[in-house]
Amino acid sequence: MNREELIEATRRQMPEKRWRHVQGVVDTAVELADRFGGNRDQAWLAALLHDYTKAWATDRMERILREEELPKELLEHDKELWHAHVGAWVVRREHGIDDEEVLDAIRYHTSGRERMTLLDKIVCLADYIEPSRSFPGVDRLRELAKTNLDDALLAGFDGTIRALVEQGKVIFPLTVLARNDLLLTIR
Ligand code: DGI
Ligand code: FE
Ligand code: FE
Ligand code: FE
């Protein structure tokens, strides 16, 4: 499957608004890869596929989570977290994507994880700051992203955790681990 076919297949999974977000993440991830010395082909591919199953019906994702070798604890956490792991599984199955670094960047783009790779960070941050995103604090993240990937991503996780606490929601443990790990490794 060539690039054009993969783009079309991805576009077919989601409504137009989500597709515009994905295009924004692709452009932003490639920019960040150039800025911070990442691999732009991997950044392009992971960004294109990061929300592959985001618009799928919940029960379709749930069936894959239950039936395939995926982390079962996700079933007890916010459904918003599901598309990352399910998406990585589906793009391997449907499109033969076998670059484990790309698959990890898809898998962890929502929650983050400890010891995030450069590619993980690029995709996760691009997801926060792509041009069509608007949430309180996004401009500060965009400003930080011009010079410091880790500072920007830490500010992103801090904002997400703050918002989850404000809404009285459970915080997925990996998000806490990702945030603490960034805080401890920032020079
Ligand atoms: O898929 P996107 O909307 O582009 O963005 P995403 O994959 O980063 O999903 C973010 C959503 O997930 C956001 O609405 C908050 C929600 N969420 C729920 N629980 C958690 C969580 N996000 C993180 N990082 N950690 C959680 O524990
Ligand atoms: Fe997502
Ligand atoms: Fe995100
Ligand atoms: Fe996204």
# chains A, B, ... in the order shown; residues from 1 in each chain; ligands from 1

$ residues_near_ligand --ligand "ligand 3" --cutoff "10 Å" --atoms "only C-alpha atoms and all ligand atoms" --output "list of chain:residue names"
A:His50, A:Asp51, A:Leu81, A:Ala84, A:Tyr108, A:His109, A:Thr110, A:Ser111, A:Gly112, A:Val123, A:Cys124, A:Leu125, A:Ala126, A:Asp127, A:Tyr128, A:Ile129, A:Leu153, A:Gly156, A:Phe157, A:Thr160

$ select_by_dssp --residues "chain A" --states "alpha helix (DSSP H)" --output "PyMOL selection string"
chain A and resi 3-11+16-36+40-49+58-67+82-95+100-107+118-129+138-145+149-166+173-185

$ closest_residue --among "A:Thr28, A:Asp150, A:Ile122, A:Glu62" --to "Glu76 (chain A)" --atoms "only C-alpha atoms"
A:Glu62

$ atom_distance --atom1 "CA of Ile186 (chain A)" --atom2 "atom 17 (N, counted along the ligand's line) of ligand 1"
23.9 Å

$ closest_residue --among "A:Val86, A:Ala152, A:Ile7, A:Leu65" --to "ligand 2" --atoms "only C-alpha atoms and all ligand atoms"
A:Val86

$ closest_residue --among "A:Arg113, A:Lys72, A:Arg66, A:Arg133" --to "ligand 4" --atoms "only C-alpha atoms and all ligand atoms"
A:Arg133

$ residues_around --residues "Glu130 (chain A)" --least-positions-apart "6" --cutoff "9 Å" --atoms "only C-alpha atoms" --output "ChimeraX atom specification"
/A:21-29,142

$ write_last_selection --atoms "N, CA and C atoms" --output "PDB file, in the first residue's frame"
ATOM      1  N   HIS A  21      -8.094  17.478  11.955  1.00  0.00           N
ATOM      2  CA  HIS A  21      -7.198  17.365  13.120  1.00  0.00           C
ATOM      3  C   HIS A  21      -5.998  16.471  12.774  1.00  0.00           C
ATOM      4  N   VAL A  22      -6.252  15.332  12.160  1.00  0.00           N
ATOM      5  CA  VAL A  22      -5.167  14.406  11.809  1.00  0.00           C
ATOM      6  C   VAL A  22      -4.173  15.085  10.860  1.00  0.00           C
ATOM      7  N   GLN A  23      -4.683  15.810   9.869  1.00  0.00           N
ATOM      8  CA  GLN A  23      -3.776  16.520   8.958  1.00  0.00           C
ATOM      9  C   GLN A  23      -2.926  17.546   9.712  1.00  0.00           C
ATOM     10  N   GLY A  24      -3.555  18.212  10.695  1.00  0.00           N
ATOM     11  CA  GLY A  24      -2.801  19.159  11.522  1.00  0.00           C
ATOM     12  C   GLY A  24      -1.719  18.461  12.331  1.00  0.00           C
ATOM     13  N   VAL A  25      -2.040  17.286  12.851  1.00  0.00           N
ATOM     14  CA  VAL A  25      -1.055  16.536  13.645  1.00  0.00           C
ATOM     15  C   VAL A  25       0.100  16.079  12.737  1.00  0.00           C
ATOM     16  N   VAL A  26      -0.220  15.646  11.527  1.00  0.00           N
ATOM     17  CA  VAL A  26       0.823  15.217  10.584  1.00  0.00           C
ATOM     18  C   VAL A  26       1.794  16.371  10.319  1.00  0.00           C
ATOM     19  N   ASP A  27       1.258  17.529   9.943  1.00  0.00           N
ATOM     20  CA  ASP A  27       2.121  18.675   9.632  1.00  0.00           C
ATOM     21  C   ASP A  27       2.958  19.077  10.845  1.00  0.00           C
ATOM     22  N   THR A  28       2.300  19.116  12.007  1.00  0.00           N
ATOM     23  CA  THR A  28       2.987  19.544  13.221  1.00  0.00           C
ATOM     24  C   THR A  28       4.051  18.533  13.642  1.00  0.00           C
ATOM     25  N   ALA A  29       3.746  17.250  13.528  1.00  0.00           N
ATOM     26  CA  ALA A  29       4.704  16.212  13.934  1.00  0.00           C
ATOM     27  C   ALA A  29       5.952  16.253  13.035  1.00  0.00           C
ATOM     28  N   ARG A 142       2.290  25.913  22.555  1.00  0.00           N
ATOM     29  CA  ARG A 142       2.881  26.196  21.232  1.00  0.00           C
ATOM     30  C   ARG A 142       4.159  27.011  21.370  1.00  0.00           C
TER      31      ARG A 142
END

$ closest_residue --among "A:Phe36, A:Glu166, A:Leu177, A:Glu4" --to "Asn148 (chain A)" --atoms "only C-alpha atoms"
A:Phe36

$ closest_residue --among "A:Glu101, A:His83, A:His95, A:Arg115" --to "ligand 1" --atoms "only C-alpha atoms and all ligand atoms"
A:His83

$ atom_distance --atom1 "CA of Ala163 (chain A)" --atom2 "CA of Pro131 (chain A)"
20.6 Å

$ residues_around --residues "Thr10 (chain A)" --least-positions-apart "2" --cutoff "10 Å" --atoms "only C-alpha atoms" --output "PyMOL selection string"
chain A and resi 4-8+12-14+19+22+48-53+91

$ closest_residue --among "A:Ile171, A:Ile64, A:Leu70, A:Leu149" --to "ligand 1" --atoms "only C-alpha atoms and all ligand atoms"
A:Ile171

$ atom_distance --atom1 "CA of Leu118 (chain A)" --atom2 "atom 12 (O, counted along the ligand's line) of ligand 1"
20.8 Å

$ residues_around --residues "Asn39 (chain A)" --least-positions-apart "4" --cutoff "9 Å" --atoms "only C-alpha atoms" --output "MDAnalysis selection string"
chainID A and resid 30 33:34 43:44 118:119
